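Enquirer: Dropping the structure in here first, questions after.
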Amino acid sequence: MKINRFYVAGGTAEEWEGAALMAAGFFQEPGPAATGIPVPALSRPGLMASLEVTAMLSRTGERMPREHVWPEAHWDWPVHLPYKHGNQCGNLIHLGGQVSMDANAVILEPGALVPQTRTSMENIARILAGFGAKLDNIVSVRAFYAGGASPETLHDNLRVRSASFSEPGPTTTGIPLPCLAYESMEIEIEVVAMVE
């Protein structure tokens, strides 16, 4: 349903593309929702990648039906990958990391954390709508952001995310990193939602 790739890299498109294509070779379409995050190092010297996955099977051990969503004109990666922006299995919805890009993989509002946060949240709302869900169905938010932002900008970023939800809102975690997958990309947000 969901794969997160943490890979040692410095935040260039070339590094991201190589790691993305390697991992994508293990999946058929429609693949899982995916997030790829460059990190400066992993837990052991020489370790270059770490994967975090969520999979679901029925009680009898069989694959459960899964739906996926890819909204029309939604942002896309610069290379073809089998991943989908959102996957639903049962009442659980996983979204891959949402960023501020257009359908041609061009960064919108380069270097601007707060506007990129708004666009990412709009993308999340559009994907959830494809499942008949809303932002208030979100139970968990994980935001990866380029760590050079001022305390005021980070506060504004959190305010944009928090304003998207009715009280009490989902759990949320913000993770600062030296860089993200592309230069001028300031935030990538992934969520988990539950529906009735």
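Here, A, B, ... name the chains of the structure tokens in the order displayed, residue numbers run from 1 inside each chain, and ligands are numbered from 1 in the same displayed order.
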Skip Ala105 in chain A itself and residues of its chain fewer than 6 positions away, then list as a PyMOL selection string all residues within 8 Å of it, counting only C-alpha atoms.

Expert: chain A and resi 75-78

Enquirer: Which residues come within 12 Å of Ile3 in chain A, counting only C-alpha atoms, excluding same-chain residues fewer than 2 positions away, as an mmCIF file with C-alpha atoms, in the first residue's frame?

Expert:
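The result, stored in out-v1.cif:
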data_model
loop_
_atom_site.group_PDB
_atom_site.id
_atom_site.type_symbol
_atom_site.label_atom_id
_atom_site.label_comp_id
_atom_site.auth_asym_id
_atom_site.auth_seq_id
_atom_site.Cartn_x
_atom_site.Cartn_y
_atom_site.Cartn_z
ATOM 1 C CA MET A 1 0.000 0.000 0.000
ATOM 2 C CA ARG A 5 12.378 5.362 0.694
ATOM 3 C CA PHE A 6 14.985 7.109 2.824
ATOM 4 C CA ALA A 20 13.308 6.094 -7.519
ATOM 5 C CA ALA A 23 12.926 0.859 -6.236
ATOM 6 C CA ALA A 24 10.178 1.180 -8.871
ATOM 7 C CA PHE A 26 9.998 -4.075 -7.903
ATOM 8 C CA PHE A 27 6.391 -2.945 -8.495
ATOM 9 C CA GLY A 31 1.903 0.414 -7.375
ATOM 10 C CA PRO A 32 1.878 1.690 -3.819
ATOM 11 C CA ALA A 33 1.716 5.290 -2.695
ATOM 12 C CA ALA A 34 5.306 6.455 -2.272
ATOM 13 C CA THR A 35 7.484 9.027 -0.563
ATOM 14 C CA GLY A 36 11.192 9.445 -1.290
ATOM 15 C CA ILE A 37 13.237 11.401 1.252
ATOM 16 C CA SER A 50 16.218 2.244 4.147
ATOM 17 C CA LEU A 51 12.651 1.297 3.287
ATOM 18 C CA GLU A 52 9.510 1.632 5.387
ATOM 19 C CA VAL A 53 6.456 -0.209 4.053
ATOM 20 C CA THR A 54 2.817 -0.785 4.893
ATOM 21 C CA ALA A 55 1.100 -3.861 3.448
ATOM 22 C CA PRO A 82 4.323 2.805 -11.040
ATOM 23 C CA TYR A 83 3.453 4.669 -7.838
ATOM 24 C CA LYS A 84 0.082 6.287 -7.181
ATOM 25 C CA HIS A 85 -0.673 9.401 -5.184
ATOM 26 C CA GLY A 86 -3.141 7.578 -2.954
ATOM 27 C CA ASN A 87 -4.148 4.014 -2.152
ATOM 28 C CA HIS A 94 -2.305 6.176 2.490
ATOM 29 C CA LEU A 95 -1.110 9.153 0.466
ATOM 30 C CA GLY A 96 2.363 9.433 -0.950
ATOM 31 C CA GLY A 97 4.311 12.571 -0.142
ATOM 32 C CA GLU A 190 2.327 12.507 3.631
#

Enquirer: For Val39 in chain A, which of A:Ser162, A:Thr60, A:Ser100, A:Thr12 is the closest residue, counting only C-alpha atoms?

Expert: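 Closest residue, counting only C-alpha atoms: A:Thr12.
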
Enquirer: Got a sec: who's within 10 Å of Ala181 in chain A, counting only C-alpha atoms, leaving out chain neighbours fewer than 6 positions off, as number ranges by chain?

Expert: A: 9-17, 36-39, 146, 187-188

Enquirer: Quick one: write out the picked residues with C-alpha atoms as a compact mmCIF listing (two decimals), in the first residue's frame?

Expert:
# COMPACT_ATOMS: atom_id res chain seq x y z
CA ALA A 9 21.73 12.01 -0.98
CA GLY A 10 22.26 15.73 -1.24
CA GLY A 11 18.96 16.85 -2.71
CA THR A 12 19.49 16.72 -6.46
CA ALA A 13 17.01 15.50 -9.05
CA GLU A 14 19.62 13.08 -10.45
CA GLU A 15 20.09 11.38 -7.06
CA TRP A 16 16.33 11.14 -6.54
CA GLU A 17 15.74 9.72 -10.02
CA GLY A 36 11.19 9.44 -1.29
CA ILE A 37 13.24 11.40 1.25
CA PRO A 38 16.96 12.23 0.96
CA VAL A 39 18.81 12.08 4.26
CA ALA A 146 14.07 21.80 4.37
CA ILE A 187 8.15 20.64 2.06
CA GLU A 188 6.74 17.17 1.37

Enquirer: Contacts of Leu108 in chain A at 12 Å or less, counting only C-alpha atoms, minus same-chain residues fewer than 3 places along, as a PDB file with N, CA and C atoms, in the first residue's frame?

Expert:
ATOM      1  N   TRP A  75       0.246  16.814 -10.106  1.00  0.00           N
ATOM      2  CA  TRP A  75       1.687  16.827 -10.370  1.00  0.00           C
ATOM      3  C   TRP A  75       2.179  15.405 -10.652  1.00  0.00           C
ATOM      4  N   VAL A  99       3.777  17.380  -2.756  1.00  0.00           N
ATOM      5  CA  VAL A  99       4.681  18.513  -2.900  1.00  0.00           C
ATOM      6  C   VAL A  99       4.029  19.591  -3.747  1.00  0.00           C
ATOM      7  N   SER A 100       4.734  20.686  -3.883  1.00  0.00           N
ATOM      8  CA  SER A 100       4.247  21.816  -4.671  1.00  0.00           C
ATOM      9  C   SER A 100       4.896  21.771  -6.057  1.00  0.00           C
ATOM     10  N   MET A 101       4.350  20.905  -6.922  1.00  0.00           N
ATOM     11  CA  MET A 101       4.841  20.756  -8.294  1.00  0.00           C
ATOM     12  C   MET A 101       3.649  20.788  -9.232  1.00  0.00           C
ATOM     13  N   ASP A 102       3.937  21.032 -10.523  1.00  0.00           N
ATOM     14  CA  ASP A 102       2.870  20.952 -11.515  1.00  0.00           C
ATOM     15  C   ASP A 102       2.976  19.631 -12.284  1.00  0.00           C
ATOM     16  N   ALA A 103       2.108  19.448 -13.256  1.00  0.00           N
ATOM     17  CA  ALA A 103       2.054  18.192 -14.002  1.00  0.00           C
ATOM     18  C   ALA A 103       3.320  17.938 -14.822  1.00  0.00           C
ATOM     19  N   ASN A 104       4.167  18.959 -14.995  1.00  0.00           N
ATOM     20  CA  ASN A 104       5.420  18.821 -15.730  1.00  0.00           C
ATOM     21  C   ASN A 104       6.633  18.739 -14.805  1.00  0.00           C
ATOM     22  N   ALA A 105       6.412  18.460 -13.525  1.00  0.00           N
ATOM     23  CA  ALA A 105       7.464  18.320 -12.519  1.00  0.00           C
ATOM     24  C   ALA A 105       8.240  19.617 -12.292  1.00  0.00           C
ATOM     25  N   GLY A 111      11.462  27.676  -3.184  1.00  0.00           N
ATOM     26  CA  GLY A 111      12.089  28.224  -1.991  1.00  0.00           C
ATOM     27  C   GLY A 111      11.156  28.850  -0.976  1.00  0.00           C
ATOM     28  N   ALA A 112       9.851  28.773  -1.175  1.00  0.00           N
ATOM     29  CA  ALA A 112       8.880  29.430  -0.277  1.00  0.00           C
ATOM     30  C   ALA A 112       8.078  28.382   0.484  1.00  0.00           C
ATOM     31  N   LEU A 113       8.410  28.178   1.754  1.00  0.00           N
ATOM     32  CA  LEU A 113       7.807  27.112   2.553  1.00  0.00           C
ATOM     33  C   LEU A 113       6.302  27.253   2.716  1.00  0.00           C
ATOM     34  N   VAL A 114       5.825  28.409   3.105  1.00  0.00           N
ATOM     35  CA  VAL A 114       4.393  28.566   3.406  1.00  0.00           C
ATOM     36  C   VAL A 114       3.530  28.388   2.146  1.00  0.00           C
ATOM     37  N   PRO A 115       3.837  29.043   1.016  1.00  0.00           N
ATOM     38  CA  PRO A 115       3.031  28.787  -0.185  1.00  0.00           C
ATOM     39  C   PRO A 115       3.103  27.329  -0.649  1.00  0.00           C
ATOM     40  N   GLN A 116       4.271  26.699  -0.524  1.00  0.00           N
ATOM     41  CA  GLN A 116       4.372  25.288  -0.899  1.00  0.00           C
ATOM     42  C   GLN A 116       3.535  24.411   0.033  1.00  0.00           C
ATOM     43  N   THR A 117       3.440  24.792   1.293  1.00  0.00           N
ATOM     44  CA  THR A 117       2.594  24.052   2.235  1.00  0.00           C
ATOM     45  C   THR A 117       1.138  24.134   1.811  1.00  0.00           C
ATOM     46  N   ARG A 118       0.684  25.321   1.426  1.00  0.00           N
ATOM     47  CA  ARG A 118      -0.709  25.472   0.964  1.00  0.00           C
ATOM     48  C   ARG A 118      -0.982  24.580  -0.244  1.00  0.00           C
ATOM     49  N   THR A 119      -0.088  24.604  -1.219  1.00  0.00           N
ATOM     50  CA  THR A 119      -0.275  23.784  -2.422  1.00  0.00           C
ATOM     51  C   THR A 119      -0.272  22.299  -2.072  1.00  0.00           C
ATOM     52  N   SER A 120       0.632  21.887  -1.195  1.00  0.00           N
ATOM     53  CA  SER A 120       0.679  20.476  -0.789  1.00  0.00           C
ATOM     54  C   SER A 120      -0.621  20.056  -0.110  1.00  0.00           C
ATOM     55  N   TYR A 182      14.398  17.840  -4.505  1.00  0.00           N
ATOM     56  CA  TYR A 182      14.725  18.812  -5.553  1.00  0.00           C
ATOM     57  C   TYR A 182      15.178  20.115  -4.915  1.00  0.00           C
ATOM     58  N   GLU A 183      16.076  20.800  -5.594  1.00  0.00           N
ATOM     59  CA  GLU A 183      16.443  22.135  -5.149  1.00  0.00           C
ATOM     60  C   GLU A 183      15.192  23.003  -5.145  1.00  0.00           C
ATOM     61  N   SER A 184      15.057  23.860  -4.174  1.00  0.00           N
ATOM     62  CA  SER A 184      13.934  24.790  -4.016  1.00  0.00           C
ATOM     63  C   SER A 184      12.649  24.128  -3.554  1.00  0.00           C
ATOM     64  N   MET A 185      12.659  22.800  -3.344  1.00  0.00           N
ATOM     65  CA  MET A 185      11.512  22.135  -2.728  1.00  0.00           C
ATOM     66  C   MET A 185      11.660  22.305  -1.231  1.00  0.00           C
ATOM     67  N   GLU A 186      10.629  22.845  -0.588  1.00  0.00           N
ATOM     68  CA  GLU A 186      10.729  23.167   0.830  1.00  0.00           C
ATOM     69  C   GLU A 186       9.958  22.229   1.738  1.00  0.00           C
ATOM     70  N   ILE A 187       8.954  21.510   1.197  1.00  0.00           N
ATOM     71  CA  ILE A 187       8.149  20.638   2.057  1.00  0.00           C
ATOM     72  C   ILE A 187       7.568  19.482   1.248  1.00  0.00           C
TER      73      ILE A 187
END

Enquirer: At a cut-off of 9 Å, using only C-alpha atoms, what residues contact Met64 in chain A? Leave out same-chain residues fewer than 6 positions from it and give the result as a list in words.

Expert: Met56, Leu57, Ser58, Cys89 and Gly90 of chain A

Enquirer: I need the residues from that last selection saved to file as a short mmCIF file (atom, residue, chain, number, x, y, z; two decimals), in the first residue's frame (with C-alpha atoms), if you can.

Expert:
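Below you can see selection_34.cif, which holds the result:
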data_model
loop_
_atom_site.label_atom_id
_atom_site.label_comp_id
_atom_site.auth_asym_id
_atom_site.auth_seq_id
_atom_site.Cartn_x
_atom_site.Cartn_y
_atom_site.Cartn_z
CA MET A 56 -2.33 -5.36 4.11
CA LEU A 57 -3.63 -8.90 3.77
CA SER A 58 -7.01 -10.35 4.57
CA CYS A 89 -7.43 -0.72 1.26
CA GLY A 90 -10.45 -1.32 3.47
#

Enquirer: Give me, as a ChimeraX atom specification, all polymer residues having an atom no more than 8 Å from Thr173 in chain A, counting only C-alpha atoms and skipping those fewer than 3 positions away in the same chain.

Expert: /A:141-143

Enquirer: Measure the distance from CA of His155 in chain A to CA of Val139 in chain A in Å and round it to one decimal.

Expert: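 So the two atoms, CA of His155 in chain A and CA of Val139 in chain A, lie 20.9 Å apart.
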
Enquirer: Within 6 Å of Pro176 in chain A, counting only C-alpha atoms, which residues show up once you throw out same-chain ones fewer than 4 positions away? Write them as a list in words, please.

Expert: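 Near neighbours after the sequence-gap exclusion: Phe144, Tyr145, Ala146 and Gly147 of chain A.
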
Enquirer: Quick one: of A:Pro71, A:Pro40, A:Gly25, A:Pro30, who's nearest to Ala125 in chain A, counting only C-alpha atoms?

Expert: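 The closest residue to Ala125 in chain A is A:Pro71.
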
Enquirer: Quick one: DSSP alpha helix (DSSP H) residues in range 11-117 of chain A, as a VMD selection string?

Expert: chain A and resid 13 to 24 113 to 117

Enquirer: Pick out the closest residue to Leu47 in chain A from this set: A:Thr172, A:Arg63, A:Tyr7, A:Gln28. Count only C-alpha atoms.

Expert: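 Using only C-alpha atoms, Leu47 in chain A sits closest to A:Tyr7.
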
Enquirer: So which residues of range 104-191 of chain A fall under strand (DSSP E) by DSSP, listed as JSON, numbers by chain?

Expert: {"A": [138, 139, 140, 141, 142, 143, 144, 145, 146, 171, 172, 173, 174, 175, 176, 177, 187, 188, 189, 190, 191]}

Enquirer: For the residues in that selection, give me C-alpha atoms as a PDB file, in the first residue's frame.

Expert:
ATOM      1  CA  ILE A 138      -6.773  12.328   8.260  1.00  0.00           C
ATOM      2  CA  VAL A 139      -5.442  10.679  11.422  1.00  0.00           C
ATOM      3  CA  SER A 140      -1.712  11.242  10.913  1.00  0.00           C
ATOM      4  CA  VAL A 141       0.435  13.858   9.157  1.00  0.00           C
ATOM      5  CA  ARG A 142       4.174  13.669   8.606  1.00  0.00           C
ATOM      6  CA  ALA A 143       5.805  16.754   7.096  1.00  0.00           C
ATOM      7  CA  PHE A 144       9.392  16.700   5.862  1.00  0.00           C
ATOM      8  CA  TYR A 145      10.782  20.183   5.355  1.00  0.00           C
ATOM      9  CA  ALA A 146      14.067  21.796   4.367  1.00  0.00           C
ATOM     10  CA  THR A 171      -1.359  13.717  15.014  1.00  0.00           C
ATOM     11  CA  THR A 172       1.406  15.613  13.266  1.00  0.00           C
ATOM     12  CA  THR A 173       5.153  15.308  13.042  1.00  0.00           C
ATOM     13  CA  GLY A 174       7.521  17.798  11.423  1.00  0.00           C
ATOM     14  CA  ILE A 175      10.924  16.500  10.392  1.00  0.00           C
ATOM     15  CA  PRO A 176      13.623  18.983   9.364  1.00  0.00           C
ATOM     16  CA  LEU A 177      16.169  17.794   6.804  1.00  0.00           C
ATOM     17  CA  ILE A 187       8.149  20.638   2.057  1.00  0.00           C
ATOM     18  CA  GLU A 188       6.743  17.174   1.372  1.00  0.00           C
ATOM     19  CA  ILE A 189       3.678  16.049   3.327  1.00  0.00           C
ATOM     20  CA  GLU A 190       2.327  12.507   3.631  1.00  0.00           C
ATOM     21  CA  VAL A 191      -0.846  11.506   5.436  1.00  0.00           C
TER      22      VAL A 191
END

Enquirer: Could you check how far CA of Ile124 in chain A sits from CA of Gly18 in chain A, in Å to one decimal?

Expert: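 One can read the CA of Ile124 in chain A to CA of Gly18 in chain A distance as 25.8 Å.
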